[in-house]
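Have a look at the structure below before the remarks.
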Amino acid sequence: MWQDGLLQEQDVPPYVAMKLGGEYARLSTYHYLLEESDSTWCSFLSPEVGCTIFPSEELHLGVHLALYYSYATNSGGVLTYREEGR
């Protein structure tokens with residue numbers, strides 16, 4: 001990268017990754033002594049891009065930089081209600 005200081009001229013290879021899977025969520029709310037809860041399974045998706053920079057071969061330390069976004073499709077009916085008759 002840089003010729004001066006700690007960083008020597010080197011390649012910083014980027015990477016792209018995708019995490020896929022299932023996720024379990026338990027949603028609950030409390031009304032004084034009563035509990036209302038809902039359990040759901042959903043799909044999980046998380047794309048990620050990043051790179052790892054090693055300033056020097058002698059230090060054996062590096063800096064990992066990454067950007068990612070996590071998305072899940074879970075939904076529940078704990079805090080929603082239907083009001084009829086008004």
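Naming scheme: A, B, ... for chains in displayed order of the structure tokens; residues 1 onward per chain; ligands 1 onward as shown.
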Point to revise | For A:Gly77: contacts at 12 Å, only C-alpha atoms, fewer than 6 positions along chain excluded, given as a PyMOL selection string | key: chain A and resi 26-29+36-40
Write the residues you've just listed into a file as a PDB file, in the first residue's frame, and include N, CA, C and O atoms for each of them.
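The file below, selection.pdb, is the result:
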ATOM      1  N   ARG A  26     -38.048 -15.676  19.586  1.00  0.00           N
ATOM      2  CA  ARG A  26     -39.135 -15.755  20.572  1.00  0.00           C
ATOM      3  C   ARG A  26     -39.457 -14.330  20.969  1.00  0.00           C
ATOM      4  O   ARG A  26     -38.641 -13.636  21.569  1.00  0.00           O
ATOM      5  N   LEU A  27     -40.647 -13.875  20.613  1.00  0.00           N
ATOM      6  CA  LEU A  27     -41.096 -12.526  20.907  1.00  0.00           C
ATOM      7  C   LEU A  27     -42.047 -12.586  22.094  1.00  0.00           C
ATOM      8  O   LEU A  27     -42.935 -13.430  22.139  1.00  0.00           O
ATOM      9  N   SER A  28     -41.866 -11.689  23.055  1.00  0.00           N
ATOM     10  CA  SER A  28     -42.757 -11.708  24.218  1.00  0.00           C
ATOM     11  C   SER A  28     -42.969 -10.298  24.749  1.00  0.00           C
ATOM     12  O   SER A  28     -42.130  -9.414  24.583  1.00  0.00           O
ATOM     13  N   THR A  29     -44.123 -10.110  25.377  1.00  0.00           N
ATOM     14  CA  THR A  29     -44.449  -8.871  26.064  1.00  0.00           C
ATOM     15  C   THR A  29     -45.171  -9.244  27.356  1.00  0.00           C
ATOM     16  O   THR A  29     -45.830 -10.281  27.439  1.00  0.00           O
ATOM     17  N   GLU A  36     -47.535 -12.587  27.043  1.00  0.00           N
ATOM     18  CA  GLU A  36     -48.002 -12.970  25.718  1.00  0.00           C
ATOM     19  C   GLU A  36     -46.755 -13.198  24.870  1.00  0.00           C
ATOM     20  O   GLU A  36     -45.872 -12.345  24.816  1.00  0.00           O
ATOM     21  N   SER A  37     -46.651 -14.362  24.233  1.00  0.00           N
ATOM     22  CA  SER A  37     -45.434 -14.658  23.471  1.00  0.00           C
ATOM     23  C   SER A  37     -45.771 -15.329  22.149  1.00  0.00           C
ATOM     24  O   SER A  37     -46.872 -15.845  21.947  1.00  0.00           O
ATOM     25  N   ASP A  38     -44.802 -15.298  21.251  1.00  0.00           N
ATOM     26  CA  ASP A  38     -44.933 -15.894  19.931  1.00  0.00           C
ATOM     27  C   ASP A  38     -43.554 -16.404  19.528  1.00  0.00           C
ATOM     28  O   ASP A  38     -42.546 -15.728  19.752  1.00  0.00           O
ATOM     29  N   SER A  39     -43.476 -17.598  18.974  1.00  0.00           N
ATOM     30  CA  SER A  39     -42.210 -18.169  18.510  1.00  0.00           C
ATOM     31  C   SER A  39     -42.287 -18.370  17.007  1.00  0.00           C
ATOM     32  O   SER A  39     -43.278 -18.876  16.492  1.00  0.00           O
ATOM     33  N   THR A  40     -41.237 -17.960  16.312  1.00  0.00           N
ATOM     34  CA  THR A  40     -41.229 -18.075  14.856  1.00  0.00           C
ATOM     35  C   THR A  40     -39.872 -18.559  14.367  1.00  0.00           C
ATOM     36  O   THR A  40     -38.846 -18.311  14.992  1.00  0.00           O
TER      37      THR A  40
END
Residues near stretch 70-74 of chain A, anyone? I mean within 6 Å using only C-alpha atoms, not counting same-chain ones fewer than 2 positions away, as an mmCIF file with C-alpha atoms, in the first residue's frame.
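Output saved as around.cif:
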data_model
loop_
_atom_site.group_PDB
_atom_site.id
_atom_site.type_symbol
_atom_site.label_atom_id
_atom_site.label_comp_id
_atom_site.auth_asym_id
_atom_site.auth_seq_id
_atom_site.Cartn_x
_atom_site.Cartn_y
_atom_site.Cartn_z
ATOM 1 C CA CYS A 42 -37.459 -17.542 9.546
ATOM 2 C CA SER A 43 -34.823 -17.270 6.824
ATOM 3 C CA PHE A 44 -31.623 -15.299 7.427
ATOM 4 C CA LEU A 45 -29.471 -13.580 4.783
ATOM 5 C CA SER A 46 -26.300 -11.510 5.315
#
Review point. When distances are computed from only C-alpha atoms, which of A:Pro13, A:Met18, A:Tyr30, A:Glu35 shows the smallest separation from A:Tyr69?
Key: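 Selected residue with least distance to A:Tyr69: A:Met18.
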